[in-house]
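Source file: run-v7.txt; contents: compact mmCIF, C-alpha atoms (C1' of nucleotides).
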```
# COMPACT_ATOMS: atom_id res chain seq x y z
CA MET A 22 264.74 150.59 266.15
CA THR A 23 263.59 149.14 262.85
CA ALA A 24 260.47 150.20 260.99
CA ILE A 25 258.99 146.82 261.65
CA ALA A 26 259.57 147.05 265.37
CA LYS A 27 258.12 150.52 265.39
CA ARG A 28 255.01 149.36 263.58
CA THR A 29 254.69 146.53 266.04
CA GLU A 30 254.65 148.98 268.87
CA ARG A 31 251.88 151.05 267.34
CA GLU A 32 249.73 148.17 266.26
CA PRO A 33 250.88 144.60 265.83
CA ASP A 34 249.54 142.58 262.93
CA SER A 35 247.71 140.43 265.41
CA LYS A 36 245.30 143.26 266.16
CA ALA A 37 243.83 143.25 262.64
CA ARG A 38 243.37 139.50 262.86
CA LEU A 39 241.85 139.76 266.32
CA ARG A 40 239.37 142.35 265.06
CA LEU A 41 238.51 140.04 262.17
CA TRP A 42 237.92 137.16 264.55
CA LEU A 43 235.68 139.24 266.79
CA LYS A 44 233.66 140.37 263.78
CA LEU A 45 233.50 136.89 262.33
CA LEU A 46 232.19 135.62 265.63
CA LYS A 47 229.60 138.37 265.87
CA VAL A 48 228.32 137.72 262.35
CA SER A 49 228.15 133.98 262.62
CA ARG A 50 226.56 134.06 266.06
CA GLY A 51 224.01 136.56 264.83
CA ILE A 52 223.10 134.48 261.81
CA GLU A 53 223.02 131.32 263.87
CA ALA A 54 220.66 132.96 266.35
CA ASP A 55 218.37 134.02 263.50
CA LEU A 56 218.33 130.61 261.89
CA ARG A 57 217.74 128.89 265.21
CA GLU A 58 214.84 131.19 265.97
CA ASN A 59 213.34 130.56 262.54
CA LEU A 60 213.71 126.79 262.86
CA ARG A 61 212.13 126.92 266.28
CA VAL A 62 209.14 129.02 265.22
CA GLU A 63 208.50 127.59 261.76
CA PHE A 64 209.43 123.94 262.30
CA ALA A 65 209.67 123.38 266.05
CA SER A 66 213.21 122.18 265.43
CA THR A 67 216.81 123.12 266.16
CA LEU A 68 220.05 123.76 264.32
CA PRO A 69 221.75 120.53 265.45
CA ARG A 70 218.77 118.50 264.26
CA PHE A 71 218.86 120.36 260.95
CA ASP A 72 222.57 119.65 260.62
CA VAL A 73 222.10 115.94 261.18
CA MET A 74 219.22 115.70 258.73
CA SER A 75 221.22 117.70 256.21
CA ALA A 76 224.13 115.28 256.40
CA LEU A 77 221.79 112.31 256.09
CA SER A 78 220.06 113.96 253.17
CA ARG A 79 223.36 114.13 251.28
CA HIS A 80 223.95 110.44 251.99
CA GLY A 81 220.80 108.62 251.04
CA ASP A 82 222.33 105.25 251.84
CA GLY A 83 222.81 106.25 255.42
CA LEU A 84 225.73 106.99 257.71
CA LYS A 85 227.23 105.25 260.67
CA MET A 86 227.16 107.17 263.94
CA SER A 87 230.89 107.76 263.78
CA GLU A 88 230.69 109.00 260.18
CA LEU A 89 227.97 111.39 261.26
CA SER A 90 229.94 112.81 264.15
CA GLY A 91 233.01 112.99 261.91
CA LEU A 92 231.19 114.99 259.24
CA LEU A 93 229.58 117.35 261.72
CA LYS A 94 232.76 117.65 263.80
CA VAL A 95 230.97 116.99 267.04
CA SER A 96 231.55 114.35 269.67
CA ASN A 97 230.16 110.84 269.40
CA GLY A 98 228.10 111.16 272.54
CA ASN A 99 226.50 114.28 271.19
CA VAL A 100 225.19 112.58 268.05
CA THR A 101 223.75 109.76 270.13
CA GLY A 102 221.29 112.09 271.82
CA ILE A 103 220.28 114.04 268.73
CA VAL A 104 219.65 110.90 266.68
CA GLU A 105 217.75 109.42 269.60
CA ARG A 106 215.29 112.29 269.53
CA LEU A 107 214.99 112.25 265.75
CA VAL A 108 214.17 108.55 265.90
CA GLU A 109 211.47 109.20 268.49
CA GLU A 110 209.90 111.73 266.14
CA GLY A 111 210.04 109.34 263.21
CA PHE A 112 212.37 111.43 261.03
CA VAL A 113 215.22 108.97 261.17
CA LEU A 114 215.75 105.27 261.63
CA ARG A 115 218.64 103.08 262.68
CA GLU A 116 219.48 99.80 261.02
CA ALA A 117 222.02 97.13 261.81
CA VAL A 118 225.28 97.03 259.89
CA PRO A 119 225.73 93.48 258.56
CA GLY A 120 228.96 92.00 259.81
CA ASP A 121 229.50 94.49 262.65
CA ARG A 122 227.22 94.30 265.60
CA ARG A 123 228.81 97.32 267.24
CA ALA A 124 227.83 99.80 264.54
CA SER A 125 224.48 101.06 263.37
CA ARG A 126 223.58 102.93 260.23
CA VAL A 127 221.32 105.96 260.40
CA ARG A 128 219.06 107.04 257.58
CA LEU A 129 216.24 109.51 256.93
CA THR A 130 212.76 108.05 256.81
CA ARG A 131 210.45 109.14 254.00
CA LYS A 132 208.79 111.44 256.48
CA GLY A 133 212.19 112.78 257.50
CA ALA A 134 213.26 113.39 253.91
CA GLU A 135 210.06 115.28 253.16
CA GLU A 136 210.36 117.35 256.30
CA PHE A 137 214.00 118.15 255.56
CA ALA A 138 213.18 119.24 252.01
CA ARG A 139 210.75 121.82 253.35
CA GLN A 140 213.20 123.02 255.98
CA ALA A 141 216.15 123.21 253.60
CA SER A 142 214.21 125.33 251.14
CA GLU A 143 213.28 127.85 253.79
CA HIS A 144 216.76 127.73 255.24
CA GLU A 145 218.26 128.75 251.92
CA ASN A 146 215.87 131.70 251.73
CA TRP A 147 216.74 132.83 255.24
CA VAL A 148 220.46 132.73 254.50
CA ASP A 149 219.91 134.59 251.24
CA GLN A 150 218.15 137.34 253.17
CA LEU A 151 220.71 137.49 255.93
CA LEU A 152 223.65 137.72 253.53
CA GLY A 153 221.82 139.96 251.06
CA ALA A 154 224.33 142.74 251.65
CA LEU A 155 226.87 140.82 249.58
CA SER A 156 226.59 140.21 245.85
CA PRO A 157 227.05 136.64 244.66
CA ASP A 158 230.52 137.57 243.41
CA GLU A 159 231.48 139.12 246.71
CA ALA A 160 230.14 136.08 248.49
CA ALA A 161 232.21 133.78 246.29
CA GLU A 162 235.30 135.88 246.91
CA MET A 163 234.87 135.76 250.66
CA THR A 164 234.25 132.04 250.49
CA GLU A 165 237.64 131.61 248.84
CA GLN A 166 239.41 133.65 251.47
CA LEU A 167 237.77 131.64 254.21
CA ASP A 168 238.97 128.53 252.46
CA ARG A 169 242.51 129.81 252.75
CA ILE A 170 242.06 130.11 256.50
CA LEU A 171 240.90 126.53 256.54
CA THR A 172 243.66 125.07 254.39
CA GLU A 173 246.68 127.26 255.15
CA GLY A 174 245.26 127.44 258.62
CA PRO A 175 247.26 126.72 261.74
CA ALA A 176 250.35 124.52 261.79
CA MET B 1330 212.83 133.49 228.91
CA THR B 1331 215.06 136.30 230.07
CA ALA B 1332 218.75 135.97 230.74
CA ILE B 1333 218.09 136.52 234.40
CA ALA B 1334 215.54 133.76 234.58
CA LYS B 1335 217.89 131.45 232.76
CA ARG B 1336 220.68 132.20 235.19
CA THR B 1337 218.32 131.55 238.06
CA GLU B 1338 217.58 128.14 236.73
CA ARG B 1339 221.22 127.20 236.50
CA GLU B 1340 222.24 128.59 239.84
CA PRO B 1341 220.30 131.10 241.84
CA ASP B 1342 222.18 133.83 243.66
CA SER B 1343 221.15 132.26 246.91
CA LYS B 1344 223.53 129.33 246.29
CA ALA B 1345 226.64 131.50 246.48
CA ARG B 1346 225.39 133.00 249.71
CA LEU B 1347 224.52 129.58 251.09
CA ARG B 1348 228.02 128.32 250.30
CA LEU B 1349 229.44 131.39 252.03
CA TRP B 1350 227.34 130.71 255.10
CA LEU B 1351 228.40 127.09 255.24
CA LYS B 1352 232.05 128.08 254.97
CA LEU B 1353 231.67 130.88 257.48
CA LEU B 1354 230.16 128.42 259.91
CA LYS B 1355 232.90 125.88 259.35
CA VAL B 1356 235.65 128.45 259.91
CA SER B 1357 234.15 130.01 262.99
CA ARG B 1358 233.28 126.67 264.56
CA GLY B 1359 236.76 125.42 263.87
CA ILE B 1360 238.39 128.45 265.43
CA GLU B 1361 236.00 128.34 268.36
CA ALA B 1362 236.84 124.71 268.97
CA ASP B 1363 240.56 125.53 268.94
CA LEU B 1364 240.22 128.44 271.31
CA ARG B 1365 237.99 126.47 273.65
CA GLU B 1366 240.48 123.63 273.74
CA ASN B 1367 243.33 126.04 274.44
CA LEU B 1368 241.42 127.78 277.21
CA ARG B 1369 240.54 124.44 278.73
CA VAL B 1370 244.08 123.08 278.67
CA GLU B 1371 246.02 126.25 279.50
CA PHE B 1372 243.64 127.96 281.89
CA ALA B 1373 241.02 125.41 282.91
CA SER B 1374 238.43 127.84 281.62
CA THR B 1375 235.84 128.20 278.88
CA LEU B 1376 234.89 130.59 276.09
CA PRO B 1377 231.75 131.92 277.82
CA ARG B 1378 233.76 132.69 280.93
CA PHE B 1379 236.38 134.42 278.79
CA ASP B 1380 233.68 136.46 277.06
CA VAL B 1381 232.22 137.64 280.34
CA MET B 1382 235.60 138.56 281.76
CA SER B 1383 236.47 140.33 278.52
CA ALA B 1384 233.35 142.48 278.71
CA LEU B 1385 234.03 143.28 282.35
CA SER B 1386 237.61 144.09 281.52
CA ARG B 1387 236.48 146.76 279.08
CA HIS B 1388 234.16 148.23 281.71
CA GLY B 1389 236.26 148.67 284.82
CA ASP B 1390 233.40 150.30 286.71
CA GLY B 1391 231.31 147.15 286.33
CA LEU B 1392 228.19 146.15 284.46
CA LYS B 1393 224.68 145.25 285.49
CA MET B 1394 223.56 141.73 284.67
CA SER B 1395 221.26 143.00 281.95
CA GLU B 1396 224.02 145.12 280.42
CA LEU B 1397 226.25 142.08 280.38
CA SER B 1398 223.70 139.87 278.65
CA GLY B 1399 222.93 142.71 276.26
CA LEU B 1400 226.58 143.13 275.28
CA LEU B 1401 227.18 139.41 274.90
CA LYS B 1402 223.85 138.85 273.18
CA VAL B 1403 222.95 135.94 275.39
CA SER B 1404 219.95 135.41 277.62
CA ASN B 1405 219.71 136.81 281.13
CA GLY B 1406 219.41 133.41 282.71
CA ASN B 1407 222.57 132.32 280.99
CA VAL B 1408 224.66 135.12 282.47
CA THR B 1409 223.33 134.32 285.94
CA GLY B 1410 224.98 130.90 285.91
CA ILE B 1411 228.29 131.98 284.39
CA VAL B 1412 228.71 134.89 286.80
CA GLU B 1413 227.75 132.60 289.67
CA ARG B 1414 230.67 130.30 288.88
CA LEU B 1415 233.08 133.18 288.34
CA VAL B 1416 232.11 134.55 291.74
CA GLU B 1417 232.74 131.17 293.36
CA GLU B 1418 236.22 131.15 291.86
CA GLY B 1419 236.91 134.67 293.07
CA PHE B 1420 237.38 136.24 289.63
CA VAL B 1421 234.33 138.43 289.85
CA LEU B 1422 232.25 140.10 292.54
CA ARG B 1423 228.74 141.47 292.71
CA GLU B 1424 227.86 144.70 294.44
CA ALA B 1425 224.57 146.40 295.16
CA VAL B 1426 223.39 149.20 292.90
CA PRO B 1427 222.53 152.15 295.13
CA GLY B 1428 218.95 153.22 294.61
CA ASP B 1429 217.78 150.03 292.91
CA ARG B 1430 217.53 146.94 295.02
CA ARG B 1431 216.60 144.77 292.03
CA ALA B 1432 219.87 145.17 290.17
CA SER B 1433 223.41 144.19 290.96
CA ARG B 1434 226.63 145.35 289.42
CA VAL B 1435 229.30 142.86 288.42
CA ARG B 1436 232.99 143.65 288.36
CA LEU B 1437 236.34 141.88 288.02
CA THR B 1438 238.29 141.36 291.22
CA ARG B 1439 241.99 142.12 291.18
CA LYS B 1440 242.61 138.43 290.87
CA GLY B 1441 240.14 138.27 287.99
CA ALA B 1442 241.74 141.19 286.18
CA GLU B 1443 245.18 139.63 286.47
CA GLU B 1444 243.93 136.27 285.28
CA PHE B 1445 242.12 137.84 282.35
CA ALA B 1446 245.22 139.79 281.31
CA ARG B 1447 247.15 136.54 281.02
CA GLN B 1448 244.37 134.81 279.12
CA ALA B 1449 243.76 137.72 276.75
CA SER B 1450 247.40 137.86 275.79
CA GLU B 1451 247.49 134.17 274.89
CA HIS B 1452 244.12 134.45 273.19
CA GLU B 1453 245.44 137.11 270.86
CA ASN B 1454 248.38 134.91 269.94
CA TRP B 1455 246.15 131.94 269.22
CA VAL B 1456 243.92 133.99 266.94
CA ASP B 1457 246.96 135.41 265.19
CA GLN B 1458 248.14 131.89 264.46
CA LEU B 1459 244.74 130.63 263.35
CA LEU B 1460 244.19 133.53 260.96
CA GLY B 1461 247.77 133.67 259.81
CA ALA B 1462 246.74 132.81 256.25
CA LEU B 1463 245.44 136.35 255.85
CA SER B 1464 247.60 139.46 255.76
CA PRO B 1465 246.60 142.30 258.04
CA ASP B 1466 245.24 144.16 255.01
CA GLU B 1467 243.22 141.20 253.88
CA ALA B 1468 241.93 140.78 257.39
CA ALA B 1469 240.89 144.43 257.53
CA GLU B 1470 239.15 144.09 254.19
CA MET B 1471 237.16 141.06 255.27
CA THR B 1472 236.28 142.78 258.52
CA GLU B 1473 234.70 145.60 256.52
CA GLN B 1474 232.67 143.23 254.40
CA LEU B 1475 231.44 141.43 257.48
CA ASP B 1476 230.41 144.79 258.85
CA ARG B 1477 228.25 145.31 255.82
CA ILE B 1478 226.45 142.06 256.58
CA LEU B 1479 225.88 143.32 260.09
CA THR B 1480 224.62 146.79 259.16
CA GLU B 1481 222.89 146.30 255.81
CA GLY B 1482 221.91 142.94 257.16
CA PRO B 1483 218.36 141.62 257.14
CA ALA B 1484 215.30 143.83 256.93
C1' DC C 587 243.20 79.66 269.55
C1' DC C 588 243.71 83.57 272.67
C1' DC C 589 244.15 87.81 274.46
C1' DA C 590 245.54 92.57 273.95
C1' DA C 591 244.67 96.51 271.40
C1' DT C 592 241.42 98.84 268.69
C1' DT C 593 236.96 100.29 267.15
C1' DA C 594 232.03 101.68 267.61
C1' DC C 595 229.20 103.27 270.43
C1' DT C 596 226.70 104.79 274.93
C1' DT C 597 226.55 106.79 279.38
C1' DC C 598 227.59 110.29 282.46
C1' DA C 599 228.75 114.73 284.94
C1' DA C 600 229.29 119.28 284.22
C1' DG C 601 228.60 123.33 281.88
C1' DC C 602 226.29 126.18 278.29
C1' DC C 603 222.03 128.14 276.28
C1' DT C 604 217.28 129.38 275.43
C1' DG C 605 212.54 130.83 276.21
C1' DA C 606 209.05 130.98 279.60
C1' DA C 607 207.46 131.60 284.15
C1' DA C 608 208.04 133.47 288.64
C1' DC C 609 209.65 136.90 291.85
C1' DT C 610 210.93 141.28 293.68
C1' DT C 611 211.40 146.06 293.25
C1' DT C 612 210.46 150.36 290.94
C1' DA C 613 207.75 153.51 288.14
C1' DT C 614 203.30 155.11 286.41
C1' DA C 615 198.32 156.21 286.30
C1' DC C 616 194.47 157.29 288.26
C1' DG D 451 197.82 156.24 297.82
C1' DT D 452 196.95 152.21 295.64
C1' DA D 453 196.44 149.23 291.55
C1' DT D 454 198.95 148.26 287.50
C1' DA D 455 202.52 147.96 284.56
C1' DA D 456 207.34 147.70 283.74
C1' DA D 457 212.14 146.53 284.86
C1' DG D 458 215.89 143.51 286.69
C1' DT D 459 216.82 139.03 287.86
C1' DT D 460 216.53 134.23 288.96
C1' DT D 461 214.64 129.74 288.34
C1' DC D 462 213.43 126.03 285.57
C1' DA D 463 212.75 122.41 281.91
C1' DG D 464 214.62 120.90 277.92
C1' DG D 465 218.12 120.44 274.75
C1' DC D 466 223.12 120.87 273.16
C1' DT D 467 228.09 119.90 273.93
C1' DT D 468 232.27 118.12 275.60
C1' DG D 469 235.65 114.92 277.50
C1' DA D 470 236.09 110.92 280.19
C1' DA D 471 234.84 106.49 281.45
C1' DG D 472 232.44 102.31 280.40
C1' DT D 473 230.58 98.35 277.38
C1' DA D 474 230.59 95.34 273.70
C1' DA D 475 232.40 93.65 269.36
C1' DT D 476 236.22 93.13 266.18
C1' DT D 477 240.95 92.58 264.79
C1' DG D 478 245.62 91.10 264.83
C1' DG D 479 249.64 89.22 266.50
C1' DG D 480 251.74 85.26 268.76
```
Would you mind writing the file out in structure tokens?
Amino acid sequence: MTAIAKRTEREPDSKARLRLWLKLLKVSRGIEADLRENLRVEFASTLPRFDVMSALSRHGDGLKMSELSGLLKVSNGNVTGIVERLVEEGFVLREAVPGDRRASRVRLTRKGAEEFARQASEHENWVDQLLGALSPDEAAEMTEQLDRILTEGPA
Amino acid sequence: MTAIAKRTEREPDSKARLRLWLKLLKVSRGIEADLRENLRVEFASTLPRFDVMSALSRHGDGLKMSELSGLLKVSNGNVTGIVERLVEEGFVLREAVPGDRRASRVRLTRKGAEEFARQASEHENWVDQLLGALSPDEAAEMTEQLDRILTEGPA
DNA sequence: CCCAATTACTTCAAGCCTGAAACTTTATAC
DNA sequence: GTATAAAGTTTCAGGCTTGAAGTAATTGGG
């Protein structure tokens, strides 16, 4: 029996990665729960709404529905509902795309942009608190490693 | 103006932590999406169902509903529905708690335990693939850092 | 020109999730 | 003992999410 095989018997490499995944999940779910609670209490809003407004904020000239769902990596039908509610509340508006009557472009209203600015500022503070255990350098280092998972990722 | 203040103007510490959070979210959502898809295609199941069965698998003598929701960090009402469906499919059973007619204890059936064993084995492989960019040592290191976020976490 | 494939989007059923309210049972205080 | 509080759950409304199916508009051969 080789050393490798022996090591595999005691503890395969997959166990360390599985532990990492479990921990990663616990941390991100915990932070998400905190942020969601804060958004709910402070702004009567939700994480998905914040995500949509954030994407629109970075694209002042608006985004098509499909671009939005592509950026956020969620289904088309999902975005439909979230935008619908944001429109009702006056944070977002839809405008026709000239030359393509199928598509519509979504954009923050002035009210929406102002509201998002307030939310984003608080959001950054919350995250800073929640990740306070890590120095900026440590945070940057972990960010790089996570990037490797993303790029070298699966096949 | 102090050096610290100057640095803050250029890029406050919170930015590095915000970038880390964004990346963390992207990685964990991506992996979650992969695992969900795999569970759906290979086992016609879902991540929440897998989580419940996993918790029950580690507690062969069963868990009360409240213990289950406590472990999984989800609401009570949520667990009610998931367990309900698992019972319908015969993977899980509920039994009375002697001496407390309010509570009920949930436990994997034999069928449920066998099904979970198959799923857990595949699950570990999937995670191993998805996190393959990191060596076991790197994975262990990141796990420790994530633990610091959890323990030294917020106030 | 025409029609088949593609694209952009919406609708839908089913499940997940939360916080709040309701309900039943158990424990506590007086 | 009985009122009251607390504990364990379920129910519910509202919102998120997906994948599949449907609609309408556009594009690209032929």
Write out as CSV the residues of region 1343-1445 of chain B that have any atom within 10 Å of an atom of region 609-616 of chain C, one row each with the nearest atom pair and its distance in Å to one decimal, counting all atoms listed in the file, sorted by chain and then rising number.
```
residue,atom,partner,partner_atom,distance
B:Gly1428,CA,C:DT612,C1',9.7
B:Asp1429,CA,C:DT611,C1',7.5
B:Arg1430,CA,C:DT611,C1',6.4
B:Arg1431,CA,C:DT611,C1',5.5
B:Ala1432,CA,C:DT611,C1',9.1
```
Closest contacts (chain B/chain C, max 12 Å, all atoms listed in the file) as JSON lines:
```
{"residue": "B:Ser1374", "atom": "CA", "partner": "C:DG601", "partner_atom": "C1'", "distance": 10.8}
{"residue": "B:Thr1375", "atom": "CA", "partner": "C:DG601", "partner_atom": "C1'", "distance": 9.2}
{"residue": "B:Leu1376", "atom": "CA", "partner": "C:DC602", "partner_atom": "C1'", "distance": 9.9}
{"residue": "B:Pro1377", "atom": "CA", "partner": "C:DC602", "partner_atom": "C1'", "distance": 7.9}
{"residue": "B:Arg1378", "atom": "CA", "partner": "C:DC602", "partner_atom": "C1'", "distance": 10.3}
{"residue": "B:Lys1402", "atom": "CA", "partner": "C:DC603", "partner_atom": "C1'", "distance": 11.3}
{"residue": "B:Val1403", "atom": "CA", "partner": "C:DC603", "partner_atom": "C1'", "distance": 7.9}
{"residue": "B:Ser1404", "atom": "CA", "partner": "C:DT604", "partner_atom": "C1'", "distance": 6.9}
{"residue": "B:Asn1405", "atom": "CA", "partner": "C:DT604", "partner_atom": "C1'", "distance": 9.7}
{"residue": "B:Gly1406", "atom": "CA", "partner": "C:DT604", "partner_atom": "C1'", "distance": 8.6}
{"residue": "B:Asn1407", "atom": "CA", "partner": "C:DC603", "partner_atom": "C1'", "distance": 6.3}
{"residue": "B:Val1408", "atom": "CA", "partner": "C:DC603", "partner_atom": "C1'", "distance": 9.7}
{"residue": "B:Thr1409", "atom": "CA", "partner": "C:DC603", "partner_atom": "C1'", "distance": 11.5}
{"residue": "B:Gly1410", "atom": "CA", "partner": "C:DC602", "partner_atom": "C1'", "distance": 9.1}
{"residue": "B:Ile1411", "atom": "CA", "partner": "C:DC602", "partner_atom": "C1'", "distance": 8.7}
{"residue": "B:Arg1414", "atom": "CA", "partner": "C:DG601", "partner_atom": "C1'", "distance": 10.1}
{"residue": "B:Gly1428", "atom": "CA", "partner": "C:DT612", "partner_atom": "C1'", "distance": 9.7}
{"residue": "B:Asp1429", "atom": "CA", "partner": "C:DT611", "partner_atom": "C1'", "distance": 7.5}
{"residue": "B:Arg1430", "atom": "CA", "partner": "C:DT611", "partner_atom": "C1'", "distance": 6.4}
{"residue": "B:Arg1431", "atom": "CA", "partner": "C:DT611", "partner_atom": "C1'", "distance": 5.5}
{"residue": "B:Ala1432", "atom": "CA", "partner": "C:DT611", "partner_atom": "C1'", "distance": 9.1}
```
Could you please tell me, as a PyMOL selection string, which residues of chain A have an atom within 8 Å of chain B when using all atoms listed in the file? chain A and resi 34-42+44-46+48-49+145-146+148-155+157-158+160-161+163-164+166-171+173-175
Can you write out as CSV which residues of chain D fall within 10 Å of chain B, alongside each residue's closest atom pair and its distance in Å to one decimal, counting all atoms listed in the file and ordering rows by chain and ascending residue number?
```
residue,atom,partner,partner_atom,distance
D:DA457,C1',B:Arg1431,CA,8.6
D:DG458,C1',B:Arg1431,CA,5.5
D:DT459,C1',B:Arg1431,CA,7.1
D:DT460,C1',B:Gly1406,CA,6.9
D:DT461,C1',B:Gly1406,CA,8.2
D:DC462,C1',B:Gly1406,CA,9.9
```
What is the distance, in Å and to one decimal place, between CA of Arg1423 (chain B) and CA of Arg1436 (chain B)?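 Separation of CA of Arg1423 (chain B) and CA of Arg1436 (chain B): 6.5 Å.
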Hey, can you check how far C1' of DG472 (chain D) sits from CA of Glu88 (chain A)? 21.4 Å
Can you list, as a ChimeraX atom specification, every protein, DNA or RNA residue that comes within 6 Å of region 130-134 of chain A when you count only C-alpha atoms (C1' of nucleotides), leaving out same-chain residues fewer than 3 positions away? /A:112-113,137
Pairwise distance for CA of Ser78 (chain A) and C1' of DT467 (chain D), rounded to one decimal in Å: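 C1' of DT467 (chain D) lies at a distance of 23.0 Å from CA of Ser78 (chain A).
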Region 1390-1403 of chain B, all listed atoms, 4 Å padding on each side: what axis-aligned box centre and edge lengths in Å to one decimal come out, as lines of an AutoDock Vina configuration file?
```
center_x = 227.3
center_y = 143.1
center_z = 279.9
size_x = 20.1
size_y = 22.4
size_z = 21.5
```
